[in-house]
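> My questions will all concern the structure given below.
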Amino acid sequence: MGRKLLLEKAHIPGIRSYEVYRREGGYASVEKALRMAPADVVEEVKKSGLRGRGGAGFPTGMKWSFLAKPEGVPRYLVCNADESEPGTFKDRYLMEFIPHLLIEGLIAASWALGSNRTYIYIRGEYAWIVDILEQAIAEANANGWLGKNILGTGFDCQIYVQRGAGAYICGEETALIESLEGKRGNPRIKPPFPAVKGLWDCPTVVNNVETLAAVVPILNIGGEEYAKIGVGRSTGTKLISACGNINKPGVFEIDMNISVEEFIFSDEYCGGIANGKRLKACIPGGSSVPILPANLLLKTAKGETRMMHYEGLSDGGFATGSMMGSGGFIVLDEDQCVVRHTLTLARFYRHESCGQCSPCREGTGWMEKILNKIEYGKGQLSDIDLLWDIQRRIEGNTICPLGDAAAWPVAAAIRHFRDEFEWHVKHPEESQRRNYGLAHYADALTTV
Amino acid sequence: MTQFSDTRLAEVRQIIDRYPEGKQKSALIPVLHMAQEDFGGWLSPDTMDYVGSLMQLEPIEVYEVATFYSMFNTEPVGRHVFEVCQTGPCMLRGSDDIISYIKAKLGIGVGETTADGLFTLKTVECLGACGYAPMMQLGKHYREHLTPEKVDAIIEECRQTVA
Amino acid sequence: MIRGSSYRSIPAKYKDMADEIKMLKVTIDNITIEVPQGTTILQAARQIGGEVAPPAMCFYTKLKGSGGKCRTCLVEVSKGSEADPRPMPKLVASCRTGVMDGMEVKNITSGKVTDARSGVVEFLLLNHPLDCPVCDQAGECHLQDLSYSHGKEGTRYEFTRRTFEKHDLGPYIQLHMTRCILCYRCVFVADQVTGKRVHGVLSRGDHAEIATHIEQSLDNEFIGNVIDVCPVGALTDKTFRFKNRVWFTKPVDAHRDCTSCKGKVTLWQRGDEVLRVTGRKDQWGEVEDWICNTCRFEKKHVSDWVIDGPAKIDRHSVISQGHYTGLDKPKETFSAVHGGRAPKLLMDIHSVSEVNRPGIALSEIQGPATSDTFNIDQQA
Ligand SMILES: Cc1cc2nc3c(=O)[nH]c(=O)nc-3n(C[C@H](O)[C@H](O)[C@H](O)COP(=O)(O)O)c2cc1C
Ligand code: SF4
Ligand code: SF4
Ligand code: FES
Ligand code: FES
C-alpha cells in the first residue's frame, strides 16, 4: 500500500469544512511557513524535488527561484485549475473533496513568492467547484489565514477564483494569463516568460493545483523526507486519473515506485480491464502523450518492467516510450479502434486550437479531415504518409506546445498501429467495426 | 430590457474589486457568464453591447472574447442544453451511442433545438469527467455514467421543471 | 546558394552609438555582422539583405507586438551565444527572437528551415482560394511571392476550402476573408494607428475570422492603412477594385500638403488618372509613413499631387517587370531556381480576368503595357 500525502484525509466525513479540516491538522504548514523566511520555503520545495504536476514536469523549486523580484512591482501566483487535457480529472477530485488542502498550499506558496493577490483560474465548466472553493476561501478568511496581517506577520494575502469559459488552450500558462486579463486565450510569444512578465506584465508563477497542494505535505514532513518517496528524480506521490476500459476508473494517489502493470491490474488501483477483455493500448499521461501498445506499456523495449514515474514512462523516448504528462491514464481494451480514438483526439485539438499560428490552425483541421476519411473507409494508403508528414511539420514549429500536443498522438498512433490504419483503407466496408484483432497483446503477468 | 438588477450590479462591482486598480477588463469573462445566465442563456448583440458599456470596453473587445470561448452561446439555445462529451475517453465508454440515443429520443441533430424550445443538443470536448463516462453537462452540473435509462430520466426531470 | 564567410563592419549610423549601446556579433548564413543589443534576428538578417532575410508575413516593424504568428520566418539557431553555445532545440521565429552575442543562425543554409518553411507555405495556402487572377493584390501579394520562392508545387489538400459569411466594411475597404492569413497586422493598425478599433478577430481556431460582428463600416481617418499592411488580398481598396491590374499601372512618388498626415504617398497612375494611392513602401513591403483616408481615397486627380518621381518598387514580383531601369533583376531564371520546372500559372488568367482580354498574350507585350494595348472598355 503506497503512502498517501494528498488524498490521505480526503474521505474523512466533513473534511470539506474548515472545522474538520483544521481538527485533522490542517493549516499547520502555513503556521510553519510563515515562521520561515520566504527564501527558505523555496529552498524546502527545491529539496523536495517536486516537479510540476501540470504536464511538463519542471522542477517547482527552480521555477520559484526564477521569479523576478524588481523593487515596487507586485508579483503574482496563479493556480492553474484549467484541467482540460482529455483523460485528466485529478485536480477536480482534489478540489471537490479536500478544497482546503489547495487553499493551504496556496497561502504557503504565496508567502514564499510574495504574492498578495493570488488567483485560481478554473475551467468554466467546473462551476460547482467554484462554489466549493469560494466557501473554503471564506472560511480561511474568517479564521485569519487570509486577509490582512496574517498570523501577525504583516503579510497580506487574498485568493480569488476566476472562472474560464471553455477553452483547453487556457491551460497553457500564457494563454491563461491573457484570459485572466479578460482577453482571448491566445498564448503569448515567449520570451518574455511569465517569471519576468506575466499577469499585467508583472512577474508571475503559474502552477498546477496538485503541485500547489503538494507544498503542504512537503512543509509538514520536510523536503528531504518528501524526496525519499518515489525513485530518482520522480519524488513524492502523484495523482493519476484513470479512465477508459478498466474496472475501477477514478483518481488514485501513487507513490512513484510501482509498475504500470500493478497500476492497471491490481485491485488497489484500476482493478484490471473491464468485462474480462484484454488490454490493447494505453495513453498514460493525458491525450497529448504518445499511445503505447500493451507490450511496450508493461515492459520497456529493453524488456524491463515499466514503472509509473517520469523516467519510467518516458523510457525509450518517443520511439518506444511515452510520458507522465498530466497523469491522465487512458486504457483501451481489445475492442477499441485506435483510428477512431485518434480521430476524436484530432478533433479535440482542432477544436481547441486558438488559431494564432498557421501550422496549428490549418494543420489540426487537415489531420482531422484525413483521419475522418480513413475511419469512414474512404482513405488511401498514401493518406497515412500524408498524415505523418503533416504532424511532422506542425511539431516544433508553433507558438505554443498545443501544436506538439496535436501532432504526437497522431504520430504515435501511426508508429505503433500502422497496421490498423492500413486495415481501414483495405477494408472500407468493415472499417467502422470495432474489433480488429490487431493489438500487440501482453497480458497481465501472474505476479500481481 | 437588458439591464442587470441592483444585486447583480453589486456583484459586478465585487468582481471588479478582485483586480488591481485599472484592470477591470479582467472581469469581462465572469460578467459575460452572469449576462448569459440572466439574459436568456445566450449572448445577443444587445447583451454584449450592454456588457461593453457597463465595463467601458469597445464592443469589439467583447465580441472577440465572447466568440473565443465555447461556453458562450452567440446564438439562442433551448431551455435545457445537453452538452454531451464526445472525446476519446468518453467514446471508449460509449458516448457515441448516448449521442445517437438522445438524437433519436428528442428527434433533433447535434446543434439543434427541439421545436418546443425545450432542449438543445450539443457535443462538447472533454469536460474532465473521463472516469465517469459517458457524461454530459446540464446547466451548472455534470450528469455522469449515462445510460439510455438515465437519459430518459433526465429528460423527464427537465420537462417537470418547466411544467 | 551558400555564401562564403565574410565579415561586414558596423553600419555607419550605429558607430557613434557603439559606446552606449552594446554591439553584438551575429552570424547568419555564414555572414557575420554587428548589431546593437535589442536587434532581432530578422532585423539583423535584413541588414545583410538578399535571401538571407527570412520572409515575414506577420511581423511589421511599425506595429508593436506584431510577429510570431505566421511562422514563415523560422530559422535555426545553431549556436545560442558565446556564453551559452548550445543550439536552440527548436526553430525560432526570427522576428521575435533577439540576437545574442556570438549567435549563429541558419536561414536558407538549413535544410530544417527550408523544409519547415515549405510546410508553413502549404499550411497558409491550404484554405486559400488561389483566386489570384481575380484578386486585386495579385502582383504585389506576399503570399504569391512566398509560394513561388518557398513553396512546393501543387497542394495535397483535397477537401472543400473554408468559406465565411460576407462582412461589409463600408465604402472604402473590401474584405475577402477567404484570403486572410490571420497575421493580425490590421488589428494592430486599428489599435495603434487609429486609436479606436471596430474590427478584430472573432471565433477561434480554423474558424477565426476578421470581422466587425455587427455590420459596421471602418471609417476612422487612418483606417485605410490596414490595406497597406495586409500581406494578401484580404483587405483591398474598394475605390480601386477591378479598375486595373497593378502591373499595368505606373507607380510614382508624390506628396501634397495634408493636415492629418505627412502626405507622402505612392500614386498608381495610368495616363493622367490616379487609380490608387498607397503609402510608400520600403524594400520589405513596409510603409514609410501612415497616410490618412483623405489622401488615400479622395485625391484621385494628378492635379491633387506634386509628383516627386518614379517610385522604387523593390520587389521580385511582376510589378517591377519592365517598368524601370536600374532595378536588380534576378539573375537566375525561374526554372533554374525550381529545379527545371517551368513557371506555370495557377489558372489561365484570360478565362477569369475582367480586365485582360482573351487573345492577348501578356508575355508578348513589349515594355510597360498601356490601356491602349488592351483597349479596355472603361465601363466594364
Ligand atoms: C495546451 C496546453 C494546455 C495545458 N493545460 C494545462 C492544464 O489544464 N492544467 C495545468 O496545470 N497545466 C496545463 N498546461 C501546462 C501549463 O502551461 C504550465 O506548464 C503548468 O500550469 C505549470 O504548472 P506546474 O509547473 O505546476 O506543472 C498546459 C499546457 C499546454 C501547452
Ligand atoms: S500552437 Fe495552436 S494553440 Fe498554440 S498558439 Fe499556435 S494556434 Fe494557438
Ligand atoms: S485581413 Fe489582412 S492584415 Fe488583417 S489579419 Fe487578415 S491577412 Fe492580416
Ligand atoms: S473525455 Fe469526456 S469528460 Fe473527458
Ligand atoms: S514574420 Fe515572424 S512569425 Fe510571421
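Residue numbers start at 1 in each chain; chains themselves are named A, B, ... in the order of the C-alpha cells; ligands are numbered from 1 in the order shown.
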Near His11 (chain A), within 12 Å and counting only C-alpha atoms, which residues show up once chain neighbours fewer than 3 positions away are dropped, as number ranges by chain?

A: 6-8, 14-16, 20-21, 24, 93-94, 96-99

> For the residues in the current selection, export N, CA, C and O atoms as a CSV table (one decimal), in the first residue's frame.


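See selection-v5.csv below for the written result:
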chain,number,residue,atom,x,y,z
A,6,LEU,N,-1.7,13.4,-0.3
A,6,LEU,CA,-2.7,14.4,-0.7
A,6,LEU,C,-4.1,14.0,-0.4
A,6,LEU,O,-4.9,14.7,0.1
A,7,LEU,N,-4.3,12.7,-0.7
A,7,LEU,CA,-5.7,12.2,-0.5
A,7,LEU,C,-5.9,11.4,0.8
A,7,LEU,O,-7.0,10.9,1.0
A,8,GLU,N,-4.9,11.4,1.6
A,8,GLU,CA,-5.0,10.6,2.9
A,8,GLU,C,-6.2,10.9,3.6
A,8,GLU,O,-6.9,10.1,4.1
A,14,GLY,N,-16.9,15.3,6.2
A,14,GLY,CA,-16.9,16.7,6.6
A,14,GLY,C,-15.6,17.4,6.3
A,14,GLY,O,-15.5,18.6,6.7
A,15,ILE,N,-14.6,16.7,5.7
A,15,ILE,CA,-13.3,17.3,5.5
A,15,ILE,C,-13.4,18.6,4.7
A,15,ILE,O,-12.5,19.4,4.7
A,16,ARG,N,-14.4,18.8,3.9
A,16,ARG,CA,-14.6,20.0,3.1
A,16,ARG,C,-14.8,21.2,4.0
A,16,ARG,O,-14.5,22.3,3.6
A,20,VAL,N,-13.5,20.5,10.4
A,20,VAL,CA,-13.0,19.2,10.4
A,20,VAL,C,-11.5,19.2,9.8
A,20,VAL,O,-10.6,18.6,10.3
A,21,TYR,N,-11.3,20.0,8.8
A,21,TYR,CA,-10.0,20.1,8.2
A,21,TYR,C,-8.9,20.5,9.2
A,21,TYR,O,-7.9,20.0,9.3
A,24,GLU,N,-8.2,18.0,11.8
A,24,GLU,CA,-7.3,16.9,11.3
A,24,GLU,C,-5.9,17.4,11.0
A,24,GLU,O,-5.1,16.8,10.3
A,93,TYR,N,-10.9,16.4,-8.6
A,93,TYR,CA,-11.1,15.5,-7.5
A,93,TYR,C,-10.6,16.1,-6.2
A,93,TYR,O,-11.3,16.1,-5.2
A,94,LEU,N,-9.4,16.6,-6.3
A,94,LEU,CA,-8.7,17.2,-5.1
A,94,LEU,C,-9.5,18.4,-4.6
A,94,LEU,O,-9.8,18.5,-3.5
A,96,GLU,N,-12.7,19.1,-5.2
A,96,GLU,CA,-14.0,18.7,-4.8
A,96,GLU,C,-14.0,18.1,-3.4
A,96,GLU,O,-14.9,18.5,-2.6
A,97,PHE,N,-13.0,17.3,-3.1
A,97,PHE,CA,-13.0,16.5,-1.9
A,97,PHE,C,-12.3,17.2,-0.8
A,97,PHE,O,-12.8,17.2,0.4
A,98,ILE,N,-11.2,17.9,-1.1
A,98,ILE,CA,-10.4,18.4,0.0
A,98,ILE,C,-9.9,19.8,-0.4
A,98,ILE,O,-8.7,20.1,-0.5
A,99,PRO,N,-10.9,20.8,-0.6
A,99,PRO,CA,-10.5,22.1,-1.1
A,99,PRO,C,-9.5,22.9,-0.2
A,99,PRO,O,-8.7,23.6,-0.7

> Once you count only C-alpha atoms and all ligand atoms, which residues end up within 10 Å of ligand 4, and could you hand them over as a PyMOL selection string?

(chain A and resi 84-89+243-244+286-287+328+330+344-345+348) or (chain B and resi 84-93+95+124-137+142+144)

> Keeping only C-alpha atoms, write those residues as a compact mmCIF listing (two decimals), in the first residue's frame.


# COMPACT_ATOMS: atom_id res chain seq x y z
CA SER A 84 -8.81 20.23 -19.81
CA GLU A 85 -6.41 17.62 -21.11
CA PRO A 86 -8.54 14.63 -22.13
CA GLY A 87 -8.13 11.85 -19.60
CA THR A 88 -7.28 14.23 -16.77
CA PHE A 89 -9.65 14.82 -13.86
CA CYS A 243 -10.26 6.08 -17.30
CA GLY A 244 -11.28 4.07 -20.29
CA GLY A 286 -3.19 12.61 -20.92
CA SER A 287 -4.25 12.71 -24.56
CA GLY A 328 -4.40 11.15 -17.32
CA ILE A 330 -6.47 6.25 -20.71
CA THR A 344 -11.54 12.05 -31.58
CA LEU A 345 -8.27 13.45 -30.29
CA PHE A 348 -10.30 17.84 -29.96
CA VAL B 84 -22.52 15.59 -24.32
CA CYS B 85 -18.81 14.87 -24.29
CA GLN B 86 -17.54 13.02 -27.35
CA THR B 87 -13.76 12.97 -26.79
CA GLY B 88 -11.71 9.75 -26.74
CA PRO B 89 -12.11 8.59 -23.14
CA CYS B 90 -15.88 9.12 -23.29
CA MET B 91 -16.01 7.48 -26.72
CA LEU B 92 -14.32 4.40 -25.24
CA ARG B 93 -17.23 4.15 -22.81
CA SER B 95 -20.63 8.26 -25.78
CA VAL B 124 -18.54 19.10 -26.48
CA GLU B 125 -14.94 18.13 -25.96
CA CYS B 126 -13.55 16.60 -22.76
CA LEU B 127 -15.08 18.12 -19.64
CA GLY B 128 -12.79 16.48 -17.11
CA ALA B 129 -15.09 13.64 -16.15
CA CYS B 130 -13.46 10.94 -18.24
CA GLY B 131 -13.53 8.40 -15.42
CA TYR B 132 -17.28 8.78 -15.04
CA ALA B 133 -18.07 8.46 -18.73
CA PRO B 134 -20.24 8.79 -20.69
CA MET B 135 -21.29 12.15 -19.38
CA MET B 136 -22.91 15.44 -20.17
CA GLN B 137 -23.12 18.86 -18.70
CA TYR B 142 -22.44 17.18 -14.66
CA GLU B 144 -22.24 11.10 -15.32

> Let me make sure I understand: among A:Gln336, A:Ser353, A:Gln162, A:Ser382, which one has the smallest atom-to-atom distance to chain C if we use only C-alpha atoms?

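Once distances to chain C are computed over only C-alpha atoms, the minimum belongs to A:Ser353.
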
> If you run DSSP on this backbone, which residues of region 276-409 of chain A come out as alpha helix (DSSP H), and could you give them as a VMD selection string?

chain A and resid 294 to 298 310 to 314 317 to 320 338 to 352 358 to 375 381 to 394 402 to 409

> I need the residue nearest ligand 2 from this list: A:Tyr76, A:Trp423, A:Tyr269, A:Tyr349. Use only C-alpha atoms and all ligand atoms for the distance.

A:Tyr349

> Could you give me, as a count of residues only, the residues within 10 Å of region 305-309 of chain C, counting only C-alpha atoms and dropping anything in the same chain fewer than 5 positions from it?

16

> Which residues are near Gly272 (chain A)? Cut-off 6 Å, only C-alpha atoms, ignore same chain within fewer than 6 positions. Put them as a PyMOL selection string.

chain A and resi 246-247+264-265

> Return as JSON, numbers by chain the residues belonging to chain B that are within 6 Å of chain C, counting only C-alpha atoms.

{"B": [60, 64, 67, 68]}

> Taking all heavy atoms for each residue, export the selection above as a compact mmCIF listing (two decimals), in the first residue's frame.


# COMPACT_ATOMS: atom_id res chain seq x y z
N ILE B 60 -16.09 45.70 -29.83
CA ILE B 60 -15.32 44.63 -30.49
C ILE B 60 -14.53 43.81 -29.47
O ILE B 60 -14.37 42.60 -29.63
CB ILE B 60 -14.38 45.19 -31.59
CG1 ILE B 60 -13.71 44.07 -32.40
CG2 ILE B 60 -13.31 46.10 -31.02
CD1 ILE B 60 -14.64 43.29 -33.27
N GLU B 64 -14.91 39.79 -29.45
CA GLU B 64 -13.73 38.95 -29.64
C GLU B 64 -13.64 37.89 -28.55
O GLU B 64 -13.35 36.73 -28.82
CB GLU B 64 -12.45 39.80 -29.58
CG GLU B 64 -12.16 40.55 -30.85
CD GLU B 64 -10.84 41.32 -30.79
OE1 GLU B 64 -10.48 41.83 -29.71
OE2 GLU B 64 -10.19 41.41 -31.83
N THR B 67 -16.74 35.27 -28.60
CA THR B 67 -16.72 34.25 -29.66
C THR B 67 -15.55 33.29 -29.51
O THR B 67 -15.47 32.30 -30.22
CB THR B 67 -16.65 34.90 -31.06
OG1 THR B 67 -15.51 35.77 -31.11
CG2 THR B 67 -17.91 35.69 -31.37
N PHE B 68 -14.63 33.59 -28.60
CA PHE B 68 -13.47 32.70 -28.43
C PHE B 68 -13.81 31.49 -27.57
O PHE B 68 -13.33 30.39 -27.82
CB PHE B 68 -12.31 33.48 -27.78
CG PHE B 68 -11.03 32.69 -27.68
CD1 PHE B 68 -10.10 32.72 -28.71
CD2 PHE B 68 -10.75 31.92 -26.55
CE1 PHE B 68 -8.92 31.99 -28.63
CE2 PHE B 68 -9.56 31.18 -26.47
CZ PHE B 68 -8.66 31.23 -27.51

> Would you list which chain C residues are within 7 Å of chain A using only C-alpha atoms, as a PyMOL selection string?

chain C and resi 68-71+90-91+116+119-120+123-124+204-206+208

> Could you save the residues just selected, with all heavy atoms, as an mmCIF file, in the first residue's frame?


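After the write, selection_18.cif holds the following:
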data_model
loop_
_atom_site.group_PDB
_atom_site.id
_atom_site.type_symbol
_atom_site.label_atom_id
_atom_site.label_comp_id
_atom_site.auth_asym_id
_atom_site.auth_seq_id
_atom_site.Cartn_x
_atom_site.Cartn_y
_atom_site.Cartn_z
ATOM 1 N N GLY C 68 5.535 36.627 -34.945
ATOM 2 C CA GLY C 68 5.440 35.384 -34.198
ATOM 3 C C GLY C 68 4.348 34.443 -34.649
ATOM 4 O O GLY C 68 4.339 33.286 -34.257
ATOM 5 N N LYS C 69 3.431 34.923 -35.452
ATOM 6 C CA LYS C 69 2.244 34.116 -35.716
ATOM 7 C C LYS C 69 2.308 33.276 -36.990
ATOM 8 O O LYS C 69 1.890 32.140 -37.000
ATOM 9 C CB LYS C 69 1.022 35.023 -35.781
ATOM 10 C CG LYS C 69 0.773 35.748 -34.458
ATOM 11 C CD LYS C 69 -0.559 36.472 -34.490
ATOM 12 C CE LYS C 69 -0.672 37.543 -33.433
ATOM 13 N NZ LYS C 69 -0.645 37.043 -32.060
ATOM 14 N N CYS C 70 2.830 33.853 -38.078
ATOM 15 C CA CYS C 70 2.724 33.124 -39.348
ATOM 16 C C CYS C 70 3.717 31.975 -39.430
ATOM 17 O O CYS C 70 3.478 31.000 -40.105
ATOM 18 C CB CYS C 70 2.891 34.067 -40.518
ATOM 19 S SG CYS C 70 4.594 34.661 -40.710
ATOM 20 N N ARG C 71 4.840 32.087 -38.779
ATOM 21 C CA ARG C 71 5.900 31.078 -38.725
ATOM 22 C C ARG C 71 6.685 30.943 -40.026
ATOM 23 O O ARG C 71 7.378 29.945 -40.225
ATOM 24 C CB ARG C 71 5.364 29.692 -38.290
ATOM 25 C CG ARG C 71 4.371 29.691 -37.161
ATOM 26 C CD ARG C 71 4.828 30.369 -35.922
ATOM 27 N NE ARG C 71 5.781 29.640 -35.100
ATOM 28 C CZ ARG C 71 6.404 30.166 -34.038
ATOM 29 N NH1 ARG C 71 6.172 31.420 -33.687
ATOM 30 N NH2 ARG C 71 7.259 29.446 -33.349
ATOM 31 N N LYS C 90 14.538 24.078 -30.905
ATOM 32 C CA LYS C 90 13.536 24.174 -31.964
ATOM 33 C C LYS C 90 13.897 25.328 -32.878
ATOM 34 O O LYS C 90 14.636 26.221 -32.490
ATOM 35 C CB LYS C 90 12.170 24.499 -31.365
ATOM 36 C CG LYS C 90 11.532 23.403 -30.563
ATOM 37 C CD LYS C 90 10.205 23.935 -30.053
ATOM 38 C CE LYS C 90 9.476 22.915 -29.205
ATOM 39 N NZ LYS C 90 8.195 23.446 -28.755
ATOM 40 N N LEU C 91 13.311 25.340 -34.057
ATOM 41 C CA LEU C 91 13.429 26.518 -34.908
ATOM 42 C C LEU C 91 12.743 27.668 -34.177
ATOM 43 O O LEU C 91 11.776 27.462 -33.451
ATOM 44 C CB LEU C 91 12.747 26.272 -36.256
ATOM 45 C CG LEU C 91 13.256 25.073 -37.059
ATOM 46 C CD1 LEU C 91 12.546 24.990 -38.400
ATOM 47 C CD2 LEU C 91 14.760 25.135 -37.271
ATOM 48 N N ALA C 116 10.705 23.186 -43.056
ATOM 49 C CA ALA C 116 9.613 23.702 -42.230
ATOM 50 C C ALA C 116 8.886 24.828 -42.962
ATOM 51 O O ALA C 116 7.660 24.934 -42.912
ATOM 52 C CB ALA C 116 10.160 24.218 -40.899
ATOM 53 N N GLY C 119 6.526 23.716 -45.415
ATOM 54 C CA GLY C 119 5.340 23.259 -44.695
ATOM 55 C C GLY C 119 4.429 24.420 -44.333
ATOM 56 O O GLY C 119 3.215 24.363 -44.534
ATOM 57 N N VAL C 120 5.024 25.479 -43.836
ATOM 58 C CA VAL C 120 4.228 26.656 -43.450
ATOM 59 C C VAL C 120 3.503 27.223 -44.668
ATOM 60 O O VAL C 120 2.323 27.575 -44.604
ATOM 61 C CB VAL C 120 5.122 27.735 -42.790
ATOM 62 C CG1 VAL C 120 4.341 29.022 -42.596
ATOM 63 C CG2 VAL C 120 5.660 27.237 -41.459
ATOM 64 N N PHE C 123 0.599 25.148 -45.383
ATOM 65 C CA PHE C 123 -0.491 25.418 -44.435
ATOM 66 C C PHE C 123 -1.198 26.730 -44.770
ATOM 67 O O PHE C 123 -2.419 26.826 -44.724
ATOM 68 C CB PHE C 123 0.053 25.479 -42.999
ATOM 69 C CG PHE C 123 0.469 24.140 -42.448
ATOM 70 C CD1 PHE C 123 1.699 23.979 -41.813
ATOM 71 C CD2 PHE C 123 -0.363 23.034 -42.563
ATOM 72 C CE1 PHE C 123 2.084 22.746 -41.309
ATOM 73 C CE2 PHE C 123 0.023 21.799 -42.056
ATOM 74 C CZ PHE C 123 1.249 21.656 -41.428
ATOM 75 N N LEU C 124 -0.415 27.745 -45.112
ATOM 76 C CA LEU C 124 -1.030 29.044 -45.405
ATOM 77 C C LEU C 124 -1.890 28.981 -46.658
ATOM 78 O O LEU C 124 -2.885 29.693 -46.780
ATOM 79 C CB LEU C 124 0.049 30.117 -45.567
ATOM 80 C CG LEU C 124 0.707 30.614 -44.290
ATOM 81 C CD1 LEU C 124 1.859 31.550 -44.625
ATOM 82 C CD2 LEU C 124 -0.294 31.328 -43.387
ATOM 83 N N ARG C 204 -12.435 31.174 -32.972
ATOM 84 C CA ARG C 204 -11.077 30.701 -32.721
ATOM 85 C C ARG C 204 -10.732 29.544 -33.653
ATOM 86 O O ARG C 204 -11.583 29.046 -34.371
ATOM 87 C CB ARG C 204 -10.916 30.293 -31.259
ATOM 88 C CG ARG C 204 -11.523 28.964 -30.915
ATOM 89 C CD ARG C 204 -11.150 28.545 -29.485
ATOM 90 N NE ARG C 204 -11.679 27.214 -29.222
ATOM 91 C CZ ARG C 204 -12.244 26.842 -28.089
ATOM 92 N NH1 ARG C 204 -12.360 27.696 -27.090
ATOM 93 N NH2 ARG C 204 -12.690 25.616 -27.938
ATOM 94 N N GLY C 205 -9.472 29.156 -33.601
ATOM 95 C CA GLY C 205 -9.014 28.026 -34.384
ATOM 96 C C GLY C 205 -9.204 28.264 -35.861
ATOM 97 O O GLY C 205 -9.010 29.385 -36.346
ATOM 98 N N ASP C 206 -9.596 27.218 -36.583
ATOM 99 C CA ASP C 206 -9.702 27.390 -38.032
ATOM 100 C C ASP C 206 -10.978 28.137 -38.423
ATOM 101 O O ASP C 206 -11.234 28.337 -39.606
ATOM 102 C CB ASP C 206 -9.564 26.048 -38.774
ATOM 103 C CG ASP C 206 -10.620 25.031 -38.358
ATOM 104 O OD1 ASP C 206 -11.379 25.307 -37.417
ATOM 105 O OD2 ASP C 206 -10.669 23.957 -38.985
ATOM 106 N N ALA C 208 -11.475 31.150 -36.960
ATOM 107 C CA ALA C 208 -11.172 32.539 -36.618
ATOM 108 C C ALA C 208 -11.283 33.409 -37.858
ATOM 109 O O ALA C 208 -10.929 33.001 -38.956
ATOM 110 C CB ALA C 208 -9.762 32.624 -36.027
#

> Ligand 3: which residues are within 8 Å, counting only C-alpha atoms and all ligand atoms? Reply as an MDAnalysis selection string.

chainID C and resid 58 175:177 179:187 201 209:210 226:227 229:235

> Quick one: residues within 9 Å of region 19-24 of chain B, only C-alpha atoms, excluding same-chain residues fewer than 6 positions away - as number ranges by chain?

A: 117, 181-182, 200; B: 55

> Keeping only C-alpha atoms, write those residues as a JSON list (two decimals), in the first residue's frame.


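Here's the written file result09.json:
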[["chain", "number", "residue", "atom", "x", "y", "z"],
["A", 117, "ARG", "CA", -3.23, 38.62, -4.74],
["A", 181, "GLU", "CA", -6.67, 39.69, -18.15],
["A", 182, "GLY", "CA", -10.07, 39.42, -19.81],
["A", 200, "TRP", "CA", -0.45, 42.51, -16.06],
["B", 55, "MET", "CA", -17.36, 47.81, -18.37]]

> For ligand 1, collect every residue having any atom at a distance of at most 9 Å from a ligand atom (counting only C-alpha atoms and all ligand atoms); output as a PyMOL selection string.

chain A and resi 51-60+63+78-85+88+91+122-123+168-176+187+205-212+288+326+349+352-353+400-405

> Would you please give, as a VMD selection string, all residues of chain B that DSSP assigns to strand (DSSP E) based on the backbone?

chain B and resid 80 to 85 119 to 124 136 to 138 141 to 143

> Write the residues you've just listed into a file as an mmCIF file, in the first residue's frame, and include N, CA and C atoms for each of them.


data_model
loop_
_atom_site.group_PDB
_atom_site.id
_atom_site.type_symbol
_atom_site.label_atom_id
_atom_site.label_comp_id
_atom_site.auth_asym_id
_atom_site.auth_seq_id
_atom_site.Cartn_x
_atom_site.Cartn_y
_atom_site.Cartn_z
ATOM 1 N N HIS B 80 -33.063 23.812 -21.902
ATOM 2 C CA HIS B 80 -32.090 22.878 -21.322
ATOM 3 C C HIS B 80 -31.099 22.488 -22.402
ATOM 4 N N VAL B 81 -29.844 22.680 -22.108
ATOM 5 C CA VAL B 81 -28.835 22.357 -23.111
ATOM 6 C C VAL B 81 -28.087 21.098 -22.670
ATOM 7 N N PHE B 82 -28.196 20.041 -23.484
ATOM 8 C CA PHE B 82 -27.449 18.808 -23.222
ATOM 9 C C PHE B 82 -26.105 18.933 -23.906
ATOM 10 N N GLU B 83 -25.068 19.002 -23.138
ATOM 11 C CA GLU B 83 -23.731 19.105 -23.731
ATOM 12 C C GLU B 83 -23.008 17.791 -23.483
ATOM 13 N N VAL B 84 -23.040 16.936 -24.488
ATOM 14 C CA VAL B 84 -22.521 15.586 -24.318
ATOM 15 C C VAL B 84 -21.079 15.518 -24.804
ATOM 16 N N CYS B 85 -20.232 14.973 -23.944
ATOM 17 C CA CYS B 85 -18.815 14.868 -24.293
ATOM 18 C C CYS B 85 -18.594 13.739 -25.295
ATOM 19 N N PHE B 119 -35.217 21.758 -25.555
ATOM 20 C CA PHE B 119 -33.922 21.084 -25.497
ATOM 21 C C PHE B 119 -33.018 21.449 -26.661
ATOM 22 N N THR B 120 -31.749 21.659 -26.330
ATOM 23 C CA THR B 120 -30.729 21.802 -27.363
ATOM 24 C C THR B 120 -29.706 20.698 -27.118
ATOM 25 N N LEU B 121 -29.284 20.041 -28.199
ATOM 26 C CA LEU B 121 -28.237 19.021 -28.078
ATOM 27 C C LEU B 121 -26.944 19.568 -28.658
ATOM 28 N N LYS B 122 -25.898 19.502 -27.842
ATOM 29 C CA LYS B 122 -24.586 19.916 -28.330
ATOM 30 C C LYS B 122 -23.604 18.798 -28.021
ATOM 31 N N THR B 123 -22.580 18.677 -28.856
ATOM 32 C CA THR B 123 -21.481 17.808 -28.459
ATOM 33 C C THR B 123 -20.346 18.722 -28.017
ATOM 34 N N VAL B 124 -19.642 18.289 -26.987
ATOM 35 C CA VAL B 124 -18.544 19.102 -26.483
ATOM 36 C C VAL B 124 -17.307 18.230 -26.355
ATOM 37 N N MET B 136 -22.555 14.179 -19.545
ATOM 38 C CA MET B 136 -22.909 15.444 -20.171
ATOM 39 C C MET B 136 -22.995 16.525 -19.112
ATOM 40 N N GLN B 137 -22.896 17.736 -19.592
ATOM 41 C CA GLN B 137 -23.118 18.861 -18.700
ATOM 42 C C GLN B 137 -24.530 19.357 -18.927
ATOM 43 N N LEU B 138 -25.226 19.616 -17.820
ATOM 44 C CA LEU B 138 -26.577 20.156 -17.906
ATOM 45 C C LEU B 138 -26.626 21.329 -16.935
ATOM 46 N N HIS B 141 -24.284 21.587 -13.561
ATOM 47 C CA HIS B 141 -23.780 20.316 -13.053
ATOM 48 C C HIS B 141 -23.517 19.297 -14.138
ATOM 49 N N TYR B 142 -22.743 18.282 -13.761
ATOM 50 C CA TYR B 142 -22.438 17.181 -14.660
ATOM 51 C C TYR B 142 -23.409 16.037 -14.391
ATOM 52 N N ARG B 143 -23.797 15.337 -15.432
ATOM 53 C CA ARG B 143 -24.530 14.083 -15.288
ATOM 54 C C ARG B 143 -23.615 13.004 -15.833
#

> Please, what distance in Å, to one decimal, runs between atom 4 (Fe, counted along the ligand's line) of ligand 5 and CA of Cys95 (chain C)?

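Here the two named atoms are 6.9 Å from each other.
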